[in-house]
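Okay, structure first, notes after.
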Amino acid sequence: MRAVVYNGPRQVNVENVPDARIERPTDVLVRITTTNICGSDLHMYEGRTDFETGRVLGHENLGEVVEIGSAVDRIRVGDVVCIPFNISCGFCVNCEKGLTAYCLTTNPEPGMAGAAYGFADMGPYSGGQAELLRVPYGDFNCLLLPDDAKEKQNDYVMLADIWPTGWHATQLAQVEAGDSVVIYGAGPVGLMAAYSATLKSASKVMVVDRHPDRLAKAEEIGAIAIDDSQSPPVDQIMELTKGLGADRGCECVGYQAHDPQGHEHPNMTLNNLVKSVKFTGTIGVVGVFIPSDPGSPDDLFKQGEIAFDYGMFWFKGQMIGNGQCNVKRYNRQLCTLIHEGKARPSWVVSHELNLDDAPDGYEHFDRRDLGWTKVVIHPGELS
């Protein structure tokens, strides 16, 4: 099969690799028709992780089931499914609690919890930027899609990661109707967090970024664009909230946050959130932070540590929730919103590419070229 293969920093190629296949009776084999390039893929693309060369990328996947293992009961050949980026067993203590991002059985690394497709430190599993994908524990992990899946593929594929993750940010931040919400980052996840806050009837949604195309996307759904290259974002937020700060805050950038001058500060967005969220406010963090980053320009973060304004955080009585999204906690209900016409997350898509064009897509997306807000790849078509 053909697949997007990582060959070193900023080197991905479409190559022939051995076909994905059924390996265990509980597996499902999916012919991928829609898959996305995620901002998290860029950490590996840029060589900032220990992702091994020769591995297949891609954790946001949708396609048609072409084969099932002998123990698969619910999923059938011909079903169209969206696959959470979390690979989870469904029966460990964390999965039974709904914490599928922290499955205790699917990552063979001692002391680790949680697995994913084509992702550094999250198990040996191949990604789905390919013609075929093996899905372990297929009955549990496959979200069976409604009969409008073919015409709404670009909507439903967002259920694999970015929309549930954006929703998760608002859940961690405890967003409720009437709240004011500030979101740092207008990449795909930040835009999905803004979209989620809007669907939850937040009274005011503010999105901080400096890329004009991404800020324009935020404005399309009624969010207030805050360009941090024009003036300090905290000052802008305080002005918009009459000096009180936002009720809720979402961090959707992660450890590679940059200031307007292009310098990287892994602690920048977290500390700005402490300053721009009100006393007793709540913060949700879904931007990626990692245990160590030898390539960081920040000496502390080389060891996975940051200079966090904990004193002010404590003094303001704020609360913070963080971590990867448990996609299965949300994907079914969000799927229903798409099916019933209440939501259209594909509004974030800027480019649709064939599999062979994926390396160019990575290059443009990594450079944050104007207009490249979300890239969808189509390795095949639904029958």
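Chain labels run A, B, ... following the order of the structure tokens; each chain numbers its residues from 1, and ligands are numbered from 1 in the order shown.
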Determine which residues of segment 12-199 of chain A receive a DSSP assignment of helix (DSSP H, G or I), computed from the backbone, and state them as an MDAnalysis selection string.
chainID A and resid 39:45 93:96 100:102 138:141 153:160 162:172 188:199
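Excluding segment 106-110 of chain A itself and same-chain residues fewer than 5 positions from it, the residues having an atom within 7 Å of it are Ile87, Ser88, Cys89, Ala115, Met122 and Gly123 of chain A, counting only C-alpha atoms.
Those residues that approach Leu353 of chain A to within 9 Å, counting only C-alpha atoms, are A:Ala358, A:Gly361, A:Val375, A:Val376, A:Ile377, A:His378, A:Pro379; same-chain residues fewer than 5 positions away are not listed.
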Keeping N, CA and C atoms, export the residues of the selection given above as a compact mmCIF listing (two decimals), in the first residue's frame.
# COMPACT_ATOMS: atom_id res chain seq x y z
N ALA A 358 0.58 14.82 -0.27
CA ALA A 358 0.73 15.02 1.17
C ALA A 358 2.04 15.72 1.54
N GLY A 361 1.57 19.29 1.22
CA GLY A 361 0.65 19.75 2.25
C GLY A 361 1.36 19.96 3.58
N VAL A 375 -5.74 20.77 6.50
CA VAL A 375 -5.47 20.00 5.29
C VAL A 375 -6.08 18.60 5.43
N VAL A 376 -6.90 18.24 4.45
CA VAL A 376 -7.53 16.92 4.38
C VAL A 376 -6.92 16.16 3.20
N ILE A 377 -6.60 14.89 3.44
CA ILE A 377 -6.02 14.03 2.41
C ILE A 377 -7.00 12.91 2.09
N HIS A 378 -7.14 12.60 0.82
CA HIS A 378 -8.04 11.54 0.38
C HIS A 378 -7.24 10.42 -0.31
N PRO A 379 -6.83 9.39 0.44
CA PRO A 379 -6.12 8.26 -0.19
C PRO A 379 -7.01 7.43 -1.10
Just the residues within 9 Å of segment 230-234 of chain A, please, counting only C-alpha atoms, with nothing from its chain fewer than 2 positions along; format it as JSON, numbers by chain.
{"A": [208, 209, 210, 226, 227, 228, 236, 237, 238, 239, 245, 260, 272, 273, 275, 276]}
Please extract the residues of segment 99-309 of chain A with a backbone DSSP assignment of strand (DSSP E or B) and present them as a ChimeraX atom specification.
/A:116,130,132-135,143-144,180-184,204-209,224-227,246-251,258,264,277-285
Applying 10 Å and only C-alpha atoms, which residues near Glu64 of chain A remain after dropping the ones on its own chain fewer than 2 positions away? List them as a VMD selection string.
chain A and resid 29 to 34 62 66 to 67 76 to 82 132 144 380 to 383
Could you please determine the separation between atom CA of Val182 of chain A and atom CA of Ser203 of chain A in Å, to one decimal place?
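Atom-to-atom, atom CA of Val182 of chain A to atom CA of Ser203 of chain A, that is 11.2 Å.
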Counting only C-alpha atoms, figure out which residue out of A:Val348, A:Ala257, A:Ala193, A:Ala101 gets nearest to Asp155 of chain A.
A:Val348
I'd like the neighbourhood of Pro25 of chain A as a list of chain:residue names, where a residue qualifies if any of its atoms comes within 8 Å (using only C-alpha atoms), though same-chain residues fewer than 6 positions away should be ignored.
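Skipping anything fewer than 6 positions along the chain leaves A:Ile68, A:Gly69, A:Ser70, A:Ala71, A:Val72.
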Same residues, C-alpha atoms, output as a tab-separated table (two decimals), in the first residue's frame:
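Written output follows (again02.tsv):
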chain	number	residue	atom	x	y	z
A	68	ILE	CA	-12.87	-7.92	10.15
A	69	GLY	CA	-11.25	-10.30	12.60
A	70	SER	CA	-13.01	-13.46	13.69
A	71	ALA	CA	-13.93	-12.00	17.11
A	72	VAL	CA	-15.46	-8.76	15.77
Taking 5 positions as the minimum chain separation for residues in the same chain, which residues sit within 6 Å of Val286 of chain A when counting only C-alpha atoms? Answer as a PyMOL selection string.
chain A and resi 169+252+322-323
For the selection you just gave me, I'd like the residues written to a file as a short mmCIF file (atom, residue, chain, number, x, y, z; two decimals), in the first residue's frame, keeping C-alpha atoms.
data_model
loop_
_atom_site.label_atom_id
_atom_site.label_comp_id
_atom_site.auth_asym_id
_atom_site.auth_seq_id
_atom_site.Cartn_x
_atom_site.Cartn_y
_atom_site.Cartn_z
CA ALA A 169 -10.81 22.12 26.02
CA CYS A 252 -4.73 25.33 22.23
CA ASN A 322 -5.34 19.39 31.09
CA GLY A 323 -4.40 16.39 29.02
#
One decimal, Å: what's the distance from atom CA of Pro212 of chain A over to atom CA of Gly371 of chain A, could you say?
8.9 Å
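Note that the spacing between atom CA of Tyr195 of chain A and atom CA of Asp360 of chain A amounts to 28.0 Å.
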Which residue gives the smallest distance to Ile75 of chain A among A:Cys142, A:Val135, A:Cys103, A:Ala177, with only C-alpha atoms counted?
A:Cys142
Residue with the minimum atom-to-atom distance to Phe315 of chain A, picked from A:Phe365, A:Trp347, A:Tyr330, A:Phe279 with only C-alpha atoms counted, is A:Phe279
Could you tell me which of A:Ile320, A:Val93, A:Val56, A:Met206 comes closest to Thr282 of chain A if we count only C-alpha atoms?
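Looking at the shortest contact to Thr282 of chain A, the residue is A:Ile320.
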